[in-house]
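Trainee: Below is the structure I would like to discuss, written out as structure tokens.
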Amino acid sequence: MLGTTFRGGVHPRDCKEFSRDAAPVVYDAKGEMVFPLSQHIGKPAKPLVKPGDPVLAGQKIAEADGYVSSPVYCSCSGTVKAIERRKTILGESECIVVDNDRQFREGKGIGAEADEAQLSREEILRRIREAGVVGMGGASFPTPVKLEPKNPEGIEYIIVNGAECEPYITCDDQLMRTHPKEIVRGLGILLRLFPQAQGVILIEENKPEAIAAIQEAMAGQSGMRLQIAPKKYPQGGERAIIKVVSGRDTQISQLPADAGCIVDNAATVYAVYEAVCRSMPLFRRIVSVTGTAVRNPGNFIVRAGTSCAELLEAAGGVKEGAEIKKALSGGPMMGIALPSLNVPMQKGSGALVLLAEDEAEQSVTKLTNCIRCGRCVEACPMGLMPLLMAAAAQRKDYKRYEQKLYGLECITCGSCTWVCPAKRPLMQTFKDAKAAILSARRK
């Protein structure tokens with residue numbers, strides 16, 4: 001039985017067929033490995049190694065530098081080659097570059113089993129923090145910070161986000177199919193931190209195999225349930241999923257904890273299990289390599305630091321007769337366009353999507369004036385007025401944009417842009433307006 005849904009939203013073609021049934025395949029990088037010190041929201045990590053140092057897989061090479069920060073672990077064995085600025089998915093940042101010896105020798109203690117029932121709350125949190133676990137749905141917010149709210153007694157729901165509503169991406173679907181018991185066990189660990197809360201795993205209806213696997217793994221478990229949601233974008237947005245599960249609305253100034261909820265992506269919950277039960281730091285994950293330009297789309301178990309260009313070759317390279325028109329880290333709705341594939345995969349990198357046709361580029365030639373049809377208003381999951389927001393942003397009337405039109409409530413999901421018949425670049429306009437407002441505040 002399908003649950004409730006959120007207001008607005010859109011129904012783009014999901015394009016999951018490219019890699020939906022491709023079971024994860026282990027891929028060990030062959031080239032040098034690059035580890036950005038900023039793979040998370042917050043302060044960049046601080047290096048613990050220097051050029052010339054030998055390193056092992058699973059070795060901490062940079063420590064968290066503050067409360068909202070996260071350590072970085074090496075995913076290969078070899079020698080530190082340099083610490084320098086390199087191009088990354090988010091632009092350019094300081095990175096640790098390792099000369100990969102391709103042996104992937106691991107440090108002591110990696111994979112050591114532990115029984116979470118014998119661990120205290122503090123020890124569970126310490127293990128998650130030490131393992132460098134961050135949100136793996138794209139935001140990369142340090143998970144330990146999320147698990148230490150000001151009012152832990154007020155948390156009523158621990159929500160596992162298995163919606164995976166973004167087109168093309170299937171890494172979480174495959175993770176839920178292949179490791180359902182570990183995800184359920186990870187949810188159980190989080191419920192130990194908040195024993196008064198209810199655990200909910202939400203999955204969209206277009207993932208029947210994942211639904212069946214999670215249902216079987218949940219059998220006999222108390223304090224948790226599975227919620228099946230209608231297929232709709234952006235179902236996996238934090239505020240949308242809170243509305244669906246709890247019925248509560250949240251504002252941009254509120255944290256999920258203010259609504260009594262903690263939301264973690266399915267891959268994050270799996271990483272929590274790995275950290276607590278197997279002493280495994282976060283340095284690898286499942287990644288979808290897919291799109292109309294890929295010869296053999298699939299899902300790969302990838303080590304952080306692997307070059308996107310090398311990962312594309314693992315998927316057979318570019319399809320014969322095709323040309324990459326757009327490369328994305330993430331999906332076509334909210335993903336980040338990559339000017340080059342010579343950038344490393346990071347903790348939060350769930351997909352490399354390569355398109356043979358850039359629909360956004362094609363639509364630019366058809367851009368016309370806003371006809372005030374109101375489709376963007378109907379589609380907005382936040383209940384905003386995108387057509388008025390765009391007009392205010394273009395006039396640089398940021399006071400009206402922020403105070404009268406509540407423009408900062410925009411989650412830049414791209415729903416308005418997707419439905420706009422005039423092909424207006426609404427989401428980009430709103431991103432620019434938000435950046436201008438926040439820049440003015442900092443000054």
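We label chains A, B, ... in the order they appear in the structure tokens, count residues from 1 in each chain, and number ligands from 1 in the order shown.
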From the DSSP assignment of the backbone, select every residue of segment 94-215 of chain A that is strand (DSSP E), and format the answer as a ChimeraX atom specification.

Mentor: /A:94-100,157-162,198-204

Trainee: Keeping only all heavy atoms, write the selected residues as a compact mmCIF listing (two decimals), in the first residue's frame.

Mentor:
```
# COMPACT_ATOMS: atom_id res chain seq x y z
N GLU A 94 42.71 21.62 -1.74
CA GLU A 94 43.94 20.95 -1.31
C GLU A 94 43.69 19.45 -1.25
O GLU A 94 42.67 18.99 -0.73
CB GLU A 94 44.33 21.47 0.07
CG GLU A 94 45.79 21.25 0.44
CD GLU A 94 46.73 22.24 -0.25
OE1 GLU A 94 46.26 23.16 -0.94
OE2 GLU A 94 47.94 22.08 -0.07
N CYS A 95 44.62 18.68 -1.81
CA CYS A 95 44.45 17.22 -1.89
C CYS A 95 45.73 16.51 -1.50
O CYS A 95 46.83 17.03 -1.68
CB CYS A 95 44.08 16.80 -3.32
SG CYS A 95 42.55 17.50 -3.95
N ILE A 96 45.56 15.29 -0.99
CA ILE A 96 46.70 14.40 -0.77
C ILE A 96 46.75 13.44 -1.96
O ILE A 96 45.78 12.74 -2.25
CB ILE A 96 46.54 13.62 0.55
CG1 ILE A 96 46.54 14.59 1.74
CG2 ILE A 96 47.66 12.58 0.70
CD1 ILE A 96 46.24 13.93 3.07
N VAL A 97 47.87 13.42 -2.64
CA VAL A 97 48.03 12.58 -3.83
C VAL A 97 48.91 11.38 -3.47
O VAL A 97 49.99 11.55 -2.90
CB VAL A 97 48.68 13.38 -4.99
CG1 VAL A 97 48.77 12.52 -6.25
CG2 VAL A 97 47.90 14.66 -5.26
N VAL A 98 48.40 10.18 -3.76
CA VAL A 98 49.11 8.95 -3.39
C VAL A 98 49.48 8.16 -4.64
O VAL A 98 48.64 7.94 -5.52
CB VAL A 98 48.25 8.09 -2.45
CG1 VAL A 98 48.93 6.74 -2.17
CG2 VAL A 98 47.99 8.81 -1.14
N ASP A 99 50.74 7.76 -4.69
CA ASP A 99 51.22 6.88 -5.76
C ASP A 99 50.76 5.46 -5.43
O ASP A 99 51.29 4.82 -4.52
CB ASP A 99 52.75 6.96 -5.85
CG ASP A 99 53.31 6.28 -7.09
OD1 ASP A 99 52.49 5.82 -7.92
OD2 ASP A 99 54.53 6.20 -7.23
N ASN A 100 49.76 4.98 -6.13
CA ASN A 100 49.09 3.71 -5.84
C ASN A 100 49.97 2.53 -6.28
O ASN A 100 50.33 2.42 -7.44
CB ASN A 100 47.75 3.72 -6.60
CG ASN A 100 47.00 2.42 -6.50
OD1 ASN A 100 47.29 1.57 -5.66
ND2 ASN A 100 46.00 2.26 -7.35
N TYR A 157 11.58 10.11 14.87
CA TYR A 157 11.74 9.28 13.69
C TYR A 157 13.20 9.25 13.25
O TYR A 157 13.85 10.29 13.15
CB TYR A 157 10.92 9.82 12.50
CG TYR A 157 9.42 9.78 12.70
CD1 TYR A 157 8.74 10.91 13.16
CD2 TYR A 157 8.68 8.64 12.40
CE1 TYR A 157 7.38 10.90 13.34
CE2 TYR A 157 7.31 8.62 12.58
CZ TYR A 157 6.66 9.75 13.04
OH TYR A 157 5.30 9.73 13.21
N ILE A 158 13.71 8.05 12.99
CA ILE A 158 14.97 7.87 12.28
C ILE A 158 14.59 7.38 10.89
O ILE A 158 14.06 6.27 10.73
CB ILE A 158 15.90 6.85 12.96
CG1 ILE A 158 16.14 7.21 14.43
CG2 ILE A 158 17.21 6.74 12.20
CD1 ILE A 158 16.88 8.50 14.65
N ILE A 159 14.81 8.21 9.87
CA ILE A 159 14.34 7.91 8.52
C ILE A 159 15.52 7.51 7.64
O ILE A 159 16.49 8.26 7.52
CB ILE A 159 13.62 9.12 7.91
CG1 ILE A 159 12.47 9.58 8.82
CG2 ILE A 159 13.09 8.79 6.51
CD1 ILE A 159 11.84 10.90 8.41
N VAL A 160 15.43 6.34 7.04
CA VAL A 160 16.44 5.89 6.08
C VAL A 160 15.91 6.23 4.68
O VAL A 160 14.87 5.72 4.26
CB VAL A 160 16.71 4.39 6.20
CG1 VAL A 160 17.77 3.96 5.17
CG2 VAL A 160 17.17 4.05 7.61
N ASN A 161 16.62 7.10 4.00
CA ASN A 161 16.20 7.58 2.68
C ASN A 161 16.67 6.60 1.60
O ASN A 161 17.82 6.61 1.20
CB ASN A 161 16.78 8.97 2.44
CG ASN A 161 16.34 9.58 1.13
OD1 ASN A 161 15.65 8.94 0.33
ND2 ASN A 161 16.72 10.83 0.90
N GLY A 162 15.73 5.77 1.15
CA GLY A 162 16.02 4.85 0.05
C GLY A 162 15.21 5.21 -1.18
O GLY A 162 15.00 4.36 -2.05
N GLN A 198 11.11 5.89 16.30
CA GLN A 198 10.68 4.82 15.40
C GLN A 198 11.54 4.86 14.15
O GLN A 198 11.84 5.93 13.62
CB GLN A 198 9.21 5.02 15.01
CG GLN A 198 8.68 3.93 14.08
CD GLN A 198 7.25 4.19 13.64
OE1 GLN A 198 6.87 5.32 13.39
NE2 GLN A 198 6.46 3.13 13.53
N GLY A 199 11.96 3.70 13.68
CA GLY A 199 12.77 3.64 12.47
C GLY A 199 11.89 3.43 11.24
O GLY A 199 10.98 2.60 11.26
N VAL A 200 12.16 4.20 10.20
CA VAL A 200 11.38 4.08 8.95
C VAL A 200 12.34 4.03 7.77
O VAL A 200 13.21 4.91 7.64
CB VAL A 200 10.42 5.28 8.76
CG1 VAL A 200 9.63 5.13 7.46
CG2 VAL A 200 9.47 5.42 9.95
N ILE A 201 12.22 3.02 6.95
CA ILE A 201 12.96 2.97 5.69
C ILE A 201 11.98 3.29 4.57
O ILE A 201 10.98 2.57 4.40
CB ILE A 201 13.61 1.59 5.45
CG1 ILE A 201 14.61 1.27 6.58
CG2 ILE A 201 14.33 1.56 4.10
CD1 ILE A 201 15.30 -0.07 6.43
N LEU A 202 12.21 4.38 3.85
CA LEU A 202 11.31 4.80 2.77
C LEU A 202 11.94 4.45 1.42
O LEU A 202 13.08 4.81 1.15
CB LEU A 202 11.03 6.29 2.85
CG LEU A 202 10.03 6.81 1.80
CD1 LEU A 202 9.09 7.84 2.41
CD2 LEU A 202 10.75 7.41 0.59
N ILE A 203 11.18 3.75 0.59
CA ILE A 203 11.62 3.36 -0.75
C ILE A 203 10.52 3.69 -1.74
O ILE A 203 9.33 3.46 -1.46
CB ILE A 203 11.94 1.85 -0.82
CG1 ILE A 203 12.91 1.44 0.30
CG2 ILE A 203 12.53 1.48 -2.19
CD1 ILE A 203 13.20 -0.06 0.34
N GLU A 204 10.91 4.21 -2.91
CA GLU A 204 9.91 4.48 -3.94
C GLU A 204 9.41 3.18 -4.56
O GLU A 204 10.14 2.19 -4.63
CB GLU A 204 10.47 5.39 -5.02
CG GLU A 204 10.47 6.86 -4.64
CD GLU A 204 10.72 7.78 -5.82
OE1 GLU A 204 11.36 7.35 -6.80
OE2 GLU A 204 10.26 8.93 -5.76
```

Trainee: Taking the DSSP secondary structure from the backbone, can you list the residues of segment 365-411 of chain A that are alpha helix (DSSP H), as number ranges by chain?

Mentor: A: 375-379, 386-394, 398-399

Trainee: For a test of reading the model, state the distance in Å between atom CA of Pro51 of chain A and atom CA of Phe283 of chain A, rounded to one decimal.

Mentor: 20.4 Å

Trainee: Determine, counting only C-alpha atoms, which protein, DNA and RNA residues have an atom within 6 Å of an atom of Arg177 of chain A; residues of the same chain fewer than 2 positions away are not included. Present the result as a ChimeraX atom specification.

Mentor: /A:174-175,179,210,213

Trainee: Just the selected residues (C-alpha atoms), exported as a CSV table (one decimal), in the first residue's frame, please.

Mentor:
```
chain,number,residue,atom,x,y,z
A,174,GLN,CA,21.5,-2.1,-5.7
A,175,LEU,CA,22.9,-1.5,-2.2
A,179,HIS,CA,23.0,-5.7,1.6
A,210,ALA,CA,14.8,-3.6,-3.0
A,213,ALA,CA,14.8,-7.5,0.2
```

Trainee: Could you give me, as a PyMOL selection string, the residues within 9 Å of Arg185 of chain A, counting only C-alpha atoms and dropping anything in the same chain fewer than 4 positions from it?

Mentor: chain A and resi 180-181+189-190+217+269-270+273

Trainee: I need the residue nearest Thr170 of chain A from this list: A:Ser415, A:Thr79, A:Asn299, A:Gln251. Use only C-alpha atoms for the distance.

Mentor: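 Checking each candidate against Thr170 of chain A, we get A:Asn299 as the closest.
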